[in-house]
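The structure under discussion appears below in the form of structure tokens.
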Amino acid sequence: MIQKILIANRGEIALRIVRACREMGIKTLAIYSEADVQSLHVQLADEAICIGGPKSADSYLRADRIISAAEIADVDAIHPGYGFLSENAKFAEQCESCNIKFIGPKSKSIKLMGDKSIARETVRKAHVATVPGSDGPVEAEAEAVKIARSIGYPVIIKAVAGGGGRGMRIAHNDVSFAKEFHVARNEAEKAFGDGRVYLEKYIERPRHIEFQILADSHGKVIHLGERDCSVQRRHQKLIEEAPSPFLTPDLRKKMGKAAVRAAEAAEYENAGTIEFLVDPKGNFYFIEMNTRIQVEHPVTEEVTGIDLVKQQIHIANGEKLEFDQSDITFEKHAIECRINAEDPARNFAPSPGTVGLYYPPGGHGVRIDSHIYSGYTIPPYYDSMIGKLICFGSTRKEALERAYRALSEYLIRGVKTTIPLHKAIMADPLFIEGKATTAYMEEFLTRTTPELFS
Ligand code: MV4
């Protein structure tokens with residue numbers, strides 16, 4: 001039985017995990033960097049150990065120091081959160097071999113889904129639709145051009161070791177393909193130490209819709225519905241909602257079944273996400289799997305009533321999932337706005353610094369997941385997300401009106417934030433109509449004057 005957990009993360013997700021543990025009677029150990037001494041997760045955990053300097057490479061990415069802290073404090077398990085070491089197969093393996101439970105999938109599944117080309121092949125064999133593309137990585141340029149032609153332009157070149165939009169290039173003809181192919185390979189080699197790339201047909205103006213999976217260690221896999229994450233900028237999601245305003249009950253059922261088959265094919269265990277692209281006609285294609293808890297998990301928690309972090313811990317404990325697919329119902333509509341310390345009027349420049357007045361909204365159907373408070377200094381070393389506003393109601397209309405209302409109450413002084421931008425989006429007819437695709441943000445920023453959200 002898990003009695004004590006080391007939380008290998010910081011910020012709002014570390015706090016989220018502390019809260020789940022508290023309610024379950026599990027002791028927590030926070031690890032932190034020298035820049036996070038005043039962080040709430042450090043103050044609210046039962047114990048805390050400083051493991052290094054402010055830079056992630058000197059602290060939150062130091063597997064050796066984290067495992068030493070785990071052994072000194074005698075924890076039973078490590079929760080990696082998202083980012084940092086959460087999808088590092090080697091770290092999961094190190095935990096396994098030190099007899100510390102890694103709260104996540106087996107290292108084998110992380111490795112399998114971490115290779116985006118093998119992931120494609122694996123789910124394709126399980127009859128999950130993938131984007132038309134190359135069979136595996138492409139090597140020589142001459143061969144690659146032939147494959148690109150046979151797929152038909154435009155094609156997208158993706159890094160085998162990439163994911164989340166990193167290292168992707170689009171080509172519209174043979175000439176641009178030759179150039180982009182080399183750029184993509186060099187970038188992939190530099191970023192991941194693995195220059196291999198694969199090709200896919202480029203789907204224009206798709207929606208990004210992902211399915212939440214829960215899988216126990218006894219082979220049971222269920223899905224908890226979808227999240228529509230189409231509103232993103234430079235591969236950073238800004239808004240996520242459930243259910244997707246685009247999906248019909250029939251499409252939802254088909255995609256849910258495909259998502260479960262994909263997770264089964266990876267012999268997946270714990271919480272995970274299957275990402276799909278959905279084209280304007282409603283064709284859906286698997287693109288990748290995320291083998292971690294995600295930033296946007298609260299959206300699913302609010303529509304299903306299931307606490308995903310607690311489920312992760314139950315699963316890591318070896319317990320059986322206590323519900324079947326037919327027990328999962330979607331009662332509400334939920335929307336999440338990511339609050340970043342950035343200036344949307346100045347090309348989203350990071351805005352670290354000390355928070356003056358902090359007044360978060362409340363009331364019916366409002367949830368805030370944040371680690372900040374009045375007087376807190378946002379360090380410049382990490383991700384700029386300082387919190388998430390999740391609003392929910394019985395209809396999409398109610399959730400959106402509530403989000404607008406909550407954003408209007410939300411006061412964060414001393415730093416620039418994405419709050420005014422979210423307000424403008426919540427009032428935008430195109431967004432309200434549920435018509436946002438992945439092209440939405442770029443178009444919104446072109447037709448709107450930045451002064452409107454500064
Ligand atoms: C694509 C695509 C179109 N066609 N793949 C971006 C995040 C990563 N998980 C996969 N992504 C995409 N993959 C094919 N075959 C479009 C995206 C995509 C995107 C691409 C360029 C610019 C912005 C984008 C926003 C969302 C999704």
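Ligands are numbered from 1 in the order shown, chains are lettered A, B, ... in the order of the structure tokens, and residues start at 1 in each chain.
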
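The protein and nucleic acid residues lying at most 8 Å from His422 (chain A) are A:Cys337, A:Leu407, A:Thr418, A:Ile419, A:Ile425, A:Met426, with only C-alpha atoms considered and sequence neighbours fewer than 3 positions away removed.
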
| said: I want to know what sits within 6 Å of region 316-325 of chain A, based on only C-alpha atoms, with residues of the same chain fewer than 2 positions away left out; could you give that as a list in words? | reply: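 The residues that qualify are Ile103, Asp216, Ser217, Ile222, Ile313, His314, Asp327 and Ile328 of chain A.
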
| message | Within 8 Å of ligand 1 (counting only C-alpha atoms and all ligand atoms), which residues show up? I'd like them as a ChimeraX atom specification. | response | /A:131-132,155-156,163-166,168,170,199-208,230,232-235,275,277,287-288,438-439

Can you write out the residues you just picked, keeping C-alpha atoms, as a tab-separated table (two decimals), in the first residue's frame?
```tsv
chain	number	residue	atom	x	y	z
A	131	VAL	CA	-3.07	9.88	-40.83
A	132	PRO	CA	-2.02	8.55	-44.28
A	155	VAL	CA	2.74	16.81	-46.15
A	156	ILE	CA	3.95	17.33	-42.61
A	163	GLY	CA	5.47	15.22	-29.97
A	164	GLY	CA	3.41	18.16	-28.84
A	165	GLY	CA	4.19	19.99	-32.06
A	166	ARG	CA	7.95	20.24	-31.56
A	168	MET	CA	7.30	19.73	-37.24
A	170	ILE	CA	5.08	21.50	-43.55
A	199	LEU	CA	5.76	11.82	-42.97
A	200	GLU	CA	2.02	12.40	-42.75
A	201	LYS	CA	-0.53	13.99	-45.01
A	202	TYR	CA	-1.05	17.53	-43.67
A	203	ILE	CA	-4.64	17.87	-42.46
A	204	GLU	CA	-5.85	21.47	-42.95
A	205	ARG	CA	-7.85	23.26	-40.28
A	206	PRO	CA	-8.33	20.22	-38.06
A	207	ARG	CA	-9.78	20.11	-34.60
A	208	HIS	CA	-7.55	18.73	-31.87
A	230	SER	CA	-8.34	23.30	-30.64
A	232	GLN	CA	-3.87	26.85	-29.06
A	233	ARG	CA	-1.04	29.17	-29.99
A	234	ARG	CA	2.35	27.86	-31.12
A	235	HIS	CA	1.41	24.40	-29.85
A	275	GLU	CA	-4.81	12.60	-29.32
A	277	LEU	CA	-7.02	15.23	-35.37
A	287	ILE	CA	-1.67	11.35	-33.93
A	288	GLU	CA	-0.04	10.54	-30.61
A	438	THR	CA	-6.64	24.80	-34.60
A	439	ALA	CA	-6.47	27.81	-36.96
```

| message | Please identify the strand (DSSP E) residues within region 212-442 of chain A (assignment by DSSP from backbone atoms) and present them as a PyMOL selection string. | response | chain A and resi 212-215+221-233+236-242+270-278+284-290+333-340+342-343+349-350+353-354+358-359+366-370+377-378+385-393+411-412

| task | Give the answer as one residue: which of A:Ala424, A:Leu85, A:Ala184, A:Ala20 has the shortest atom-to-atom distance to Leu61 (chain A), using only C-alpha atoms? | result |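 Result for the nearest residue to Leu61 (chain A): A:Leu85.
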
| message | I want to know what sits within 9 Å of Gly282 (chain A), based on only C-alpha atoms, with residues of the same chain fewer than 6 positions away left out; could you give that as a PyMOL selection string? | response | chain A and resi 246-247+251

Just write the chosen residues, N, CA and C atoms, as a compact mmCIF listing (two decimals), in the first residue's frame.
```txt
# COMPACT_ATOMS: atom_id res chain seq x y z
N PHE A 246 -18.08 19.97 -31.45
CA PHE A 246 -18.07 19.45 -32.81
C PHE A 246 -18.55 18.00 -32.91
N LEU A 247 -18.37 17.22 -31.84
CA LEU A 247 -18.67 15.79 -31.93
C LEU A 247 -20.15 15.47 -31.83
N LEU A 251 -20.03 9.91 -33.49
CA LEU A 251 -18.58 10.11 -33.65
C LEU A 251 -17.86 9.92 -32.32
```

| Contacts of Lys190 (chain A) at 12 Å or less, counting only C-alpha atoms, minus same-chain residues fewer than 3 places along, as a PyMOL selection string? | chain A and resi 159+161-162+166-167+183-187+193-196

Would you mind exporting N, CA and C atoms of the selected residues as a short mmCIF file (atom, residue, chain, number, x, y, z; two decimals), in the first residue's frame?
```cif
data_model
loop_
_atom_site.label_atom_id
_atom_site.label_comp_id
_atom_site.auth_asym_id
_atom_site.auth_seq_id
_atom_site.Cartn_x
_atom_site.Cartn_y
_atom_site.Cartn_z
N ALA A 159 9.17 14.71 -36.18
CA ALA A 159 10.28 14.00 -35.54
C ALA A 159 9.75 12.76 -34.84
N ALA A 161 11.06 11.34 -32.37
CA ALA A 161 11.20 11.55 -30.92
C ALA A 161 10.48 12.82 -30.46
N GLY A 162 9.71 13.44 -31.36
CA GLY A 162 9.05 14.71 -31.04
C GLY A 162 7.76 14.53 -30.26
N ARG A 166 6.54 19.85 -31.43
CA ARG A 166 7.95 20.24 -31.56
C ARG A 166 8.57 19.51 -32.76
N GLY A 167 9.35 20.26 -33.52
CA GLY A 167 10.08 19.66 -34.64
C GLY A 167 9.21 19.26 -35.80
N VAL A 183 15.87 20.59 -42.79
CA VAL A 183 15.68 21.42 -41.59
C VAL A 183 15.11 20.57 -40.45
N ALA A 184 14.08 19.77 -40.77
CA ALA A 184 13.42 18.94 -39.76
C ALA A 184 14.39 17.94 -39.14
N ARG A 185 15.21 17.30 -40.03
CA ARG A 185 16.16 16.30 -39.51
C ARG A 185 17.22 16.94 -38.62
N ASN A 186 17.73 18.11 -39.04
CA ASN A 186 18.74 18.79 -38.22
C ASN A 186 18.16 19.25 -36.89
N GLU A 187 16.95 19.81 -36.94
CA GLU A 187 16.31 20.27 -35.71
C GLU A 187 16.05 19.11 -34.76
N GLY A 193 18.44 14.49 -30.04
CA GLY A 193 19.53 13.54 -30.24
C GLY A 193 19.11 12.37 -31.11
N ASP A 194 18.04 12.56 -31.86
CA ASP A 194 17.49 11.52 -32.75
C ASP A 194 16.92 12.25 -33.97
N GLY A 195 17.64 12.17 -35.07
CA GLY A 195 17.27 12.94 -36.27
C GLY A 195 16.22 12.28 -37.14
N ARG A 196 15.69 11.12 -36.71
CA ARG A 196 14.73 10.42 -37.56
C ARG A 196 13.40 11.18 -37.66
#
```

| Two-atom distance - CA of Gly133 (chain A), CA of Asn88 (chain A) (Å) |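 Between these atoms lies a distance of 26.6 Å.
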
| query | CA of Phe286 (chain A) to CA of Met255 (chain A): how many Å, to one decimal? | reply |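 Result for CA of Phe286 (chain A) versus CA of Met255 (chain A): 9.4 Å, one decimal.
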
| Which one of A:Pro361, A:Gly104, A:Pro154, A:Gly414 sits closest to Leu389 (chain A) if you count only C-alpha atoms? | A:Pro361

| message | Excluding Glu210 (chain A) and its own-chain neighbours fewer than 6 positions away, which residues fall within 7 Å of it when counting only C-alpha atoms? Please give them as a PyMOL selection string. | response | chain A and resi 226-228+273-276

Using the selection just defined, write its residues with N, CA and C atoms as a short mmCIF file (atom, residue, chain, number, x, y, z; two decimals), in the first residue's frame.
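Produced file part-v2.cif, reproduced below:
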```
data_model
loop_
_atom_site.label_atom_id
_atom_site.label_comp_id
_atom_site.auth_asym_id
_atom_site.auth_seq_id
_atom_site.Cartn_x
_atom_site.Cartn_y
_atom_site.Cartn_z
N GLU A 226 -13.98 13.00 -24.19
CA GLU A 226 -13.00 13.82 -24.90
C GLU A 226 -12.82 15.20 -24.30
N ARG A 227 -11.73 15.85 -24.75
CA ARG A 227 -11.53 17.28 -24.51
C ARG A 227 -11.20 17.91 -25.85
N ASP A 228 -11.83 19.00 -26.15
CA ASP A 228 -11.52 19.74 -27.39
C ASP A 228 -10.46 20.77 -27.04
N THR A 273 -3.69 9.83 -22.43
CA THR A 273 -4.53 10.56 -23.37
C THR A 273 -4.21 10.16 -24.79
N ILE A 274 -5.27 9.88 -25.57
CA ILE A 274 -5.12 9.58 -26.99
C ILE A 274 -5.51 10.83 -27.77
N GLU A 275 -4.55 11.38 -28.53
CA GLU A 275 -4.81 12.60 -29.32
C GLU A 275 -5.25 12.24 -30.73
N PHE A 276 -6.32 12.91 -31.17
CA PHE A 276 -6.79 12.75 -32.54
C PHE A 276 -6.83 14.10 -33.24
#
```
